Amino acid sequence: MADATIVQPPDNPQDQPQSGEPPPEPTEMSPTELVEAKQYGRWQLWLDLADAALDVVYLSVFALLVAVPLDAWLAHRLPSDLLRLLALYGAMIGLHECVSFPLAWFSGYTVEHRFGLSRQSFAGWLYRHAKRFALAVVFGTVMVLALYALFWHVGAWWWLAAAVAFFLVSVVLGQLAPVLILPLFYKIEKLEHEELAARVGALARESGLSIEGVYRMVLSDETAKANAMLAGLGRTRRVLLGDTLLDRFTLDEIEVVFAHEIGHHVYRHIPKLMAVGFLYSLAGFWLCDRALAVWIGPAVYDPHTMPVYAMPMLMLVLAVFSLVLVPLQNVMSRRFERQCDRFALTRTGLRDAYVSAFRKLSKLNKDDPDPPRLAVILFHSHPPIAERIAAAG
Ligand SMILES: [Zn+2]
């Protein structure tokens with residue numbers, strides 16, 4: 001990792017405060033804060049790239065060099081294909097955790113503390129990391145077992161069945177996530193603020209939307225960053241506002257942020273993302289099928305007898321496929337965000353609050369208002385803050 005290059009101050013002249021012409025959209029960040037935000041953005045870019053590269057390299061090594069001999073070794077010790085599959089998956093994910101842990105620690109703990117964004121103790125961070133890992137192991141195991149069940153029982157059309165199954169799971173998880181999964185990580189309580197609840201309630205009703213409720217999500221134990229999100233489908237549809245946001249933003253600013261979140265519901269972004277997700281998984285699983293056929297040998301390839309050692313290759317193809325899709329997904333996500341920004345502006349008419357909310361967000365989250373184009377294209381699901389502020393006209 002090119003550590004030396006990421007901590008340098010920005011060399012772009014327009015980033016310098018005294019360059020004659022004022023920047024097109026001045027932010028309330030001081031020049032020092034702006035430099036810090038840019039450094040933080042660079043760290044994030046490099047860490048995201050390092051994380052992606054590590055995953056691809058690890059999975060390639062495991063799929064090409066480790067899987068076949070390990071599967072053969074396990075064959076002498078374990079009686080069934082199913083147990084061997086579980087053992088191989090356990091080895092793959094366990095070793096991956098060992099290999100990726102230093103990077104996770106560095107990016108999730110060290111860097112966040114260095115920039116004063118994390119409020120977690122190391123033990124607190126470790127506990128959360130362990131919980132996330134446990135959840136990933138549970139989901140991963142279910143996924144691997146389901147895919148192999150489809151290989152062995154459905155055969156040639158497994159990829160179609162898998163895409164349908166994953167779509168159904170995403171619908172169910174979409175309903176359950178805000179009720180079951182989010183509370184595993186954050187304390188969530190009904191918002192106790194009469195005036196605010198009345199204002200946001202009215203806004204939701206005027207938008208013709210029934211939402212299950214507005215919640216305060218306690219993020220402040222973990223981070224200084226302000227955040228808000230929508231979650232759920234149908235009867236679990238709700239808006240979650242971080243306590244970090246509720247405590248530091250004015251009522252007008254909160255109303256604007258809330259209106260943005262409501263916009264996601266009004267434009268049905270969650271169902272749209274799920275529909276696109278179905279197409280992605282259809283393409284992804286089909287690609288896996290073709291790649292496995294080539295790798296195993298087209299003449300002998302038969303999903304009914306899919307070897308256990310093919311599992312890491314399957315994971316590698318899926319990982320590469322989803323990495324390649326991230327920029328594409330982000331194009332759509334940024335479009336959705338712009339749509340909601342416009343909705344928030346016109347629905348509330350609170351232009352000043354809109355601008356100050358974004359300035360505050362950018363300052364609190366050390367979010368570079370005008371990040372390098374490459375970072376935006378590769379990893380940003382939201383438009384740059386400078387662009388969002390400029391949209392207010
Ligand atoms: Zn949004």
# chains A, B, ... in the order shown; residues from 1 in each chain; ligands from 1

call {"tool": "closest_atom_pairs", "arguments": {"of": "chain A", "to": "ligand 1", "cutoff": "7 Å", "atoms": "only C-alpha atoms and all ligand atoms", "output": "tab-separated table"}}
result
residue	atom	partner	partner_atom_place_in_ligand_line	distance
A:His260	CA	ligand 1	1 (Zn)	6.2
A:Glu261	CA	ligand 1	1 (Zn)	5.7
A:His264	CA	ligand 1	1 (Zn)	6.6
A:Glu337	CA	ligand 1	1 (Zn)	4.8
A:Cys340	CA	ligand 1	1 (Zn)	6.4

call {"tool": "residues_around", "arguments": {"residues": "A:Met311", "least_positions_apart": "5", "cutoff": "10 Å", "atoms": "only C-alpha atoms", "output": "list in words"}}
result
Ala63, Ala67, Leu85, Leu88, Tyr89, Met92, Val144, Leu147, Tyr148, Leu292, Met306 and Leu316 of chain A

call {"tool": "write_last_selection", "arguments": {"atoms": "N, CA, C and O atoms", "output": "mmCIF file, in the first residue's frame"}}
result
data_model
loop_
_atom_site.group_PDB
_atom_site.id
_atom_site.type_symbol
_atom_site.label_atom_id
_atom_site.label_comp_id
_atom_site.auth_asym_id
_atom_site.auth_seq_id
_atom_site.Cartn_x
_atom_site.Cartn_y
_atom_site.Cartn_z
ATOM 1 N N ALA A 63 -8.760 -20.518 -4.431
ATOM 2 C CA ALA A 63 -9.472 -21.292 -5.449
ATOM 3 C C ALA A 63 -8.516 -22.085 -6.335
ATOM 4 O O ALA A 63 -8.788 -23.233 -6.676
ATOM 5 N N ALA A 67 -7.800 -25.094 -2.827
ATOM 6 C CA ALA A 67 -9.071 -25.820 -2.768
ATOM 7 C C ALA A 67 -8.946 -27.303 -3.139
ATOM 8 O O ALA A 67 -9.443 -28.168 -2.402
ATOM 9 N N LEU A 85 -17.926 -29.863 2.302
ATOM 10 C CA LEU A 85 -18.267 -28.521 1.827
ATOM 11 C C LEU A 85 -18.218 -27.532 2.987
ATOM 12 O O LEU A 85 -17.637 -26.447 2.886
ATOM 13 N N LEU A 88 -14.586 -26.998 4.105
ATOM 14 C CA LEU A 88 -13.838 -26.173 3.157
ATOM 15 C C LEU A 88 -14.263 -24.711 3.276
ATOM 16 O O LEU A 88 -13.422 -23.799 3.268
ATOM 17 N N TYR A 89 -15.569 -24.495 3.420
ATOM 18 C CA TYR A 89 -16.060 -23.127 3.563
ATOM 19 C C TYR A 89 -15.543 -22.512 4.864
ATOM 20 O O TYR A 89 -15.101 -21.353 4.888
ATOM 21 N N MET A 92 -11.988 -21.580 4.420
ATOM 22 C CA MET A 92 -11.835 -20.427 3.525
ATOM 23 C C MET A 92 -12.161 -19.119 4.244
ATOM 24 O O MET A 92 -11.387 -18.167 4.204
ATOM 25 N N VAL A 144 -23.890 -20.872 0.712
ATOM 26 C CA VAL A 144 -23.133 -21.960 0.097
ATOM 27 C C VAL A 144 -23.966 -23.245 0.083
ATOM 28 O O VAL A 144 -24.042 -23.951 -0.934
ATOM 29 N N LEU A 147 -26.685 -22.898 -2.591
ATOM 30 C CA LEU A 147 -26.183 -23.008 -3.963
ATOM 31 C C LEU A 147 -25.852 -24.465 -4.309
ATOM 32 O O LEU A 147 -26.181 -24.939 -5.397
ATOM 33 N N TYR A 148 -25.221 -25.156 -3.364
ATOM 34 C CA TYR A 148 -24.894 -26.562 -3.653
ATOM 35 C C TYR A 148 -26.147 -27.432 -3.728
ATOM 36 O O TYR A 148 -26.206 -28.369 -4.523
ATOM 37 N N LEU A 292 -17.386 -21.913 -14.326
ATOM 38 C CA LEU A 292 -17.125 -23.235 -13.738
ATOM 39 C C LEU A 292 -17.044 -24.294 -14.835
ATOM 40 O O LEU A 292 -16.217 -25.213 -14.763
ATOM 41 N N MET A 306 -21.424 -31.321 -9.054
ATOM 42 C CA MET A 306 -20.499 -30.206 -8.781
ATOM 43 C C MET A 306 -19.545 -30.582 -7.650
ATOM 44 O O MET A 306 -19.961 -30.912 -6.539
ATOM 45 N N LEU A 316 -14.964 -16.716 -5.968
ATOM 46 C CA LEU A 316 -14.070 -15.785 -6.661
ATOM 47 C C LEU A 316 -14.804 -15.091 -7.809
ATOM 48 O O LEU A 316 -14.736 -13.863 -7.951
#

call {"tool": "select_by_dssp", "arguments": {"residues": "stretch 105-293 of chain A", "states": "helix (DSSP H, G or I)", "output": "PyMOL selection string"}}
result
chain A and resi 105-114+122-185+194-206+234-236+243-246+251-266+269-293

call {"tool": "atom_distance", "arguments": {"atom1": "atom CA of A:Ala231", "atom2": "atom CA of A:Val142"}}
result
23.3 Å

call {"tool": "select_by_dssp", "arguments": {"residues": "stretch 52-250 of chain A", "states": "strand (DSSP E or B)", "output": "list in words"}}
result
Ser118, Lys187, Ile188, Glu189, Lys190, Gly213, Val214, Tyr215, Arg216, Met217, Val218, Thr223, Ala228, Met229, Leu230, Ala231, Arg238, Val239, Leu240, Leu241 and Gly242 of chain A

call {"tool": "atom_distance", "arguments": {"atom1": "atom CA of A:Leu328", "atom2": "atom CA of A:Leu180"}}
result
29.4 Å

call {"tool": "atom_distance", "arguments": {"atom1": "atom CA of A:Glu253", "atom2": "atom CA of A:Gly41"}}
result
24.6 Å

call {"tool": "residues_around", "arguments": {"residues": "stretch 218-223 of chain A", "least_positions_apart": "3", "cutoff": "7 Å", "atoms": "only C-alpha atoms", "output": "list in words"}}
result
Leu117, Ser118, Arg119, Gln120, Tyr186, Lys187, Ile188, Gly242, Asp243 and Thr244 of chain A

call {"tool": "write_last_selection", "arguments": {"atoms": "N, CA, C and O atoms", "output": "PDB file, in the first residue's frame"}}
result
ATOM      1  N   LEU A 117     -13.003  10.503  14.174  1.00  0.00           N
ATOM      2  CA  LEU A 117     -14.384  10.192  13.798  1.00  0.00           C
ATOM      3  C   LEU A 117     -14.972   9.054  14.626  1.00  0.00           C
ATOM      4  O   LEU A 117     -16.177   8.902  14.704  1.00  0.00           O
ATOM      5  N   SER A 118     -14.093   8.226  15.207  1.00  0.00           N
ATOM      6  CA  SER A 118     -14.596   7.081  15.968  1.00  0.00           C
ATOM      7  C   SER A 118     -14.609   7.391  17.446  1.00  0.00           C
ATOM      8  O   SER A 118     -13.739   8.085  17.959  1.00  0.00           O
ATOM      9  N   ARG A 119     -15.633   6.886  18.123  1.00  0.00           N
ATOM     10  CA  ARG A 119     -15.708   7.048  19.571  1.00  0.00           C
ATOM     11  C   ARG A 119     -15.594   5.701  20.262  1.00  0.00           C
ATOM     12  O   ARG A 119     -15.882   5.575  21.445  1.00  0.00           O
ATOM     13  N   GLN A 120     -15.230   4.668  19.507  1.00  0.00           N
ATOM     14  CA  GLN A 120     -15.195   3.332  20.079  1.00  0.00           C
ATOM     15  C   GLN A 120     -13.871   3.042  20.768  1.00  0.00           C
ATOM     16  O   GLN A 120     -12.817   3.461  20.305  1.00  0.00           O
ATOM     17  N   TYR A 186     -27.278  -1.428  16.566  1.00  0.00           N
ATOM     18  CA  TYR A 186     -27.549  -0.085  17.075  1.00  0.00           C
ATOM     19  C   TYR A 186     -28.768  -0.086  17.979  1.00  0.00           C
ATOM     20  O   TYR A 186     -29.721  -0.824  17.729  1.00  0.00           O
ATOM     21  N   LYS A 187     -28.695   0.772  18.991  1.00  0.00           N
ATOM     22  CA  LYS A 187     -29.872   0.960  19.824  1.00  0.00           C
ATOM     23  C   LYS A 187     -30.837   1.834  19.028  1.00  0.00           C
ATOM     24  O   LYS A 187     -30.476   2.905  18.551  1.00  0.00           O
ATOM     25  N   ILE A 188     -32.069   1.353  18.885  1.00  0.00           N
ATOM     26  CA  ILE A 188     -33.051   2.083  18.093  1.00  0.00           C
ATOM     27  C   ILE A 188     -34.289   2.312  18.944  1.00  0.00           C
ATOM     28  O   ILE A 188     -34.821   1.379  19.538  1.00  0.00           O
ATOM     29  N   GLY A 242     -29.969   9.304  12.847  1.00  0.00           N
ATOM     30  CA  GLY A 242     -28.904   9.107  13.831  1.00  0.00           C
ATOM     31  C   GLY A 242     -29.002  10.143  14.950  1.00  0.00           C
ATOM     32  O   GLY A 242     -29.372  11.292  14.691  1.00  0.00           O
ATOM     33  N   ASP A 243     -28.672   9.740  16.177  1.00  0.00           N
ATOM     34  CA  ASP A 243     -28.689  10.713  17.280  1.00  0.00           C
ATOM     35  C   ASP A 243     -27.647  11.800  17.033  1.00  0.00           C
ATOM     36  O   ASP A 243     -27.812  12.943  17.455  1.00  0.00           O
ATOM     37  N   THR A 244     -26.586  11.430  16.306  1.00  0.00           N
ATOM     38  CA  THR A 244     -25.539  12.391  15.963  1.00  0.00           C
ATOM     39  C   THR A 244     -26.112  13.524  15.101  1.00  0.00           C
ATOM     40  O   THR A 244     -25.645  14.655  15.163  1.00  0.00           O
TER      41      THR A 244
END

call {"tool": "residues_around", "arguments": {"residues": "A:Ala291", "least_positions_apart": "3", "cutoff": "9 Å", "atoms": "only C-alpha atoms", "output": "list of chain:residue names"}}
result
A:Trp286, A:Leu287, A:Cys288, A:Val294, A:Trp295, A:Ile296, A:Met313, A:Leu314, A:Val317

call {"tool": "write_last_selection", "arguments": {"atoms": "all heavy atoms", "output": "CSV table (one decimal), in the first residue's frame"}}
result
chain,number,residue,atom,x,y,z
A,286,TRP,N,-25.3,-16.9,-13.8
A,286,TRP,CA,-25.1,-17.4,-15.1
A,286,TRP,C,-23.6,-17.4,-15.5
A,286,TRP,O,-23.0,-18.4,-16.0
A,286,TRP,CB,-25.9,-16.7,-16.2
A,286,TRP,CG,-25.6,-17.2,-17.6
A,286,TRP,CD1,-26.2,-18.3,-18.1
A,286,TRP,CD2,-24.7,-16.7,-18.5
A,286,TRP,NE1,-25.8,-18.5,-19.4
A,286,TRP,CE2,-24.8,-17.5,-19.7
A,286,TRP,CE3,-23.9,-15.6,-18.6
A,286,TRP,CZ2,-24.1,-17.3,-20.8
A,286,TRP,CZ3,-23.1,-15.4,-19.7
A,286,TRP,CH2,-23.2,-16.2,-20.8
A,287,LEU,N,-22.9,-16.3,-15.2
A,287,LEU,CA,-21.5,-16.2,-15.4
A,287,LEU,C,-20.7,-17.2,-14.6
A,287,LEU,O,-19.7,-17.8,-15.1
A,287,LEU,CB,-21.0,-14.7,-15.0
A,287,LEU,CG,-19.9,-14.2,-15.7
A,287,LEU,CD1,-20.2,-13.8,-17.2
A,287,LEU,CD2,-19.3,-12.9,-15.0
A,288,CYS,N,-21.1,-17.4,-13.4
A,288,CYS,CA,-20.5,-18.5,-12.6
A,288,CYS,C,-20.6,-19.8,-13.3
A,288,CYS,O,-19.6,-20.6,-13.3
A,288,CYS,CB,-21.1,-18.6,-11.2
A,288,CYS,SG,-20.7,-17.3,-10.1
A,294,VAL,N,-16.0,-23.9,-17.9
A,294,VAL,CA,-14.7,-23.8,-18.5
A,294,VAL,C,-13.6,-24.3,-17.6
A,294,VAL,O,-12.7,-25.0,-18.0
A,294,VAL,CB,-14.4,-22.3,-18.9
A,294,VAL,CG1,-12.9,-22.1,-19.3
A,294,VAL,CG2,-15.3,-21.8,-19.9
A,295,TRP,N,-13.7,-24.0,-16.3
A,295,TRP,CA,-12.6,-24.4,-15.4
A,295,TRP,C,-12.6,-25.9,-15.1
A,295,TRP,O,-11.5,-26.5,-15.1
A,295,TRP,CB,-12.8,-23.6,-14.0
A,295,TRP,CG,-11.7,-23.8,-13.0
A,295,TRP,CD1,-10.4,-23.6,-13.2
A,295,TRP,CD2,-11.8,-24.3,-11.7
A,295,TRP,NE1,-9.7,-23.9,-12.1
A,295,TRP,CE2,-10.5,-24.3,-11.2
A,295,TRP,CE3,-12.9,-24.7,-10.9
A,295,TRP,CZ2,-10.3,-24.8,-9.9
A,295,TRP,CZ3,-12.7,-25.2,-9.6
A,295,TRP,CH2,-11.4,-25.2,-9.1
A,296,ILE,N,-13.8,-26.5,-14.9
A,296,ILE,CA,-13.8,-27.9,-14.7
A,296,ILE,C,-13.6,-28.7,-16.0
A,296,ILE,O,-13.1,-29.8,-15.9
A,296,ILE,CB,-15.2,-28.2,-14.0
A,296,ILE,CG1,-15.2,-27.6,-12.6
A,296,ILE,CG2,-15.4,-29.7,-13.9
A,296,ILE,CD1,-16.5,-27.7,-11.9
A,313,MET,N,-13.9,-21.2,-6.2
A,313,MET,CA,-13.9,-20.6,-7.6
A,313,MET,C,-15.2,-19.9,-7.8
A,313,MET,O,-15.2,-18.8,-8.3
A,313,MET,CB,-13.7,-21.7,-8.6
A,313,MET,CG,-13.7,-21.2,-10.0
A,313,MET,SD,-12.5,-19.9,-10.3
A,313,MET,CE,-11.0,-20.8,-10.5
A,314,LEU,N,-16.3,-20.5,-7.3
A,314,LEU,CA,-17.6,-19.9,-7.4
A,314,LEU,C,-17.6,-18.5,-6.7
A,314,LEU,O,-18.1,-17.5,-7.2
A,314,LEU,CB,-18.6,-20.8,-6.8
A,314,LEU,CG,-20.1,-20.4,-6.6
A,314,LEU,CD1,-20.8,-20.3,-7.9
A,314,LEU,CD2,-20.8,-21.3,-5.6
A,317,VAL,N,-15.5,-15.9,-8.6
A,317,VAL,CA,-16.2,-15.3,-9.8
A,317,VAL,C,-17.3,-14.3,-9.2
A,317,VAL,O,-17.4,-13.2,-9.8
A,317,VAL,CB,-16.9,-16.4,-10.6
A,317,VAL,CG1,-17.7,-15.8,-11.8
A,317,VAL,CG2,-15.8,-17.3,-11.2

call {"tool": "residues_around", "arguments": {"residues": "A:Gly108", "least_positions_apart": "4", "cutoff": "12 Å", "atoms": "only C-alpha atoms", "output": "ChimeraX atom specification"}}
result
/A:43-44,47-48,51,100-104,112-115,117-122,124-126,128-129,222-223

call {"tool": "decode", "arguments": {"residues": "stretch 24-64 of chain A", "atoms": "C-alpha atoms", "output": "short mmCIF file (atom, residue, chain, number, x, y, z; two decimals), in the first residue's frame"}}
result
data_model
loop_
_atom_site.label_atom_id
_atom_site.label_comp_id
_atom_site.auth_asym_id
_atom_site.auth_seq_id
_atom_site.Cartn_x
_atom_site.Cartn_y
_atom_site.Cartn_z
CA PRO A 24 -17.56 28.04 -6.77
CA GLU A 25 -19.36 26.81 -3.66
CA PRO A 26 -17.62 27.92 -0.47
CA THR A 27 -18.07 25.54 2.42
CA GLU A 28 -17.95 26.32 6.10
CA MET A 29 -14.94 24.09 6.49
CA SER A 30 -11.77 25.91 7.48
CA PRO A 31 -8.79 25.40 5.15
CA THR A 32 -7.28 22.97 7.70
CA GLU A 33 -10.51 21.02 7.89
CA LEU A 34 -10.68 20.83 4.12
CA VAL A 35 -7.13 19.47 3.94
CA GLU A 36 -8.03 16.93 6.61
CA ALA A 37 -11.20 15.89 4.76
CA LYS A 38 -9.20 15.42 1.58
CA GLN A 39 -6.64 13.31 3.42
CA TYR A 40 -9.40 11.21 4.92
CA GLY A 41 -10.95 10.76 1.47
CA ARG A 42 -7.61 9.58 0.09
CA TRP A 43 -7.17 7.10 2.92
CA GLN A 44 -10.63 5.74 2.26
CA LEU A 45 -9.97 5.40 -1.46
CA TRP A 46 -6.72 3.53 -0.94
CA LEU A 47 -8.13 1.36 1.81
CA ASP A 48 -11.15 0.43 -0.31
CA LEU A 49 -8.84 -0.46 -3.20
CA ALA A 50 -6.56 -2.45 -0.89
CA ASP A 51 -9.53 -4.31 0.55
CA ALA A 52 -10.86 -5.22 -2.90
CA ALA A 53 -7.40 -6.30 -4.09
CA LEU A 54 -6.83 -8.39 -0.97
CA ASP A 55 -10.13 -10.21 -1.45
CA VAL A 56 -9.44 -10.99 -5.09
CA VAL A 57 -5.87 -12.15 -4.43
CA TYR A 58 -6.90 -14.24 -1.42
CA LEU A 59 -9.79 -15.91 -3.24
CA SER A 60 -7.64 -16.54 -6.33
CA VAL A 61 -4.94 -18.25 -4.27
CA PHE A 62 -7.49 -20.28 -2.35
CA ALA A 63 -9.47 -21.29 -5.45
CA LEU A 64 -6.49 -22.10 -7.68
#
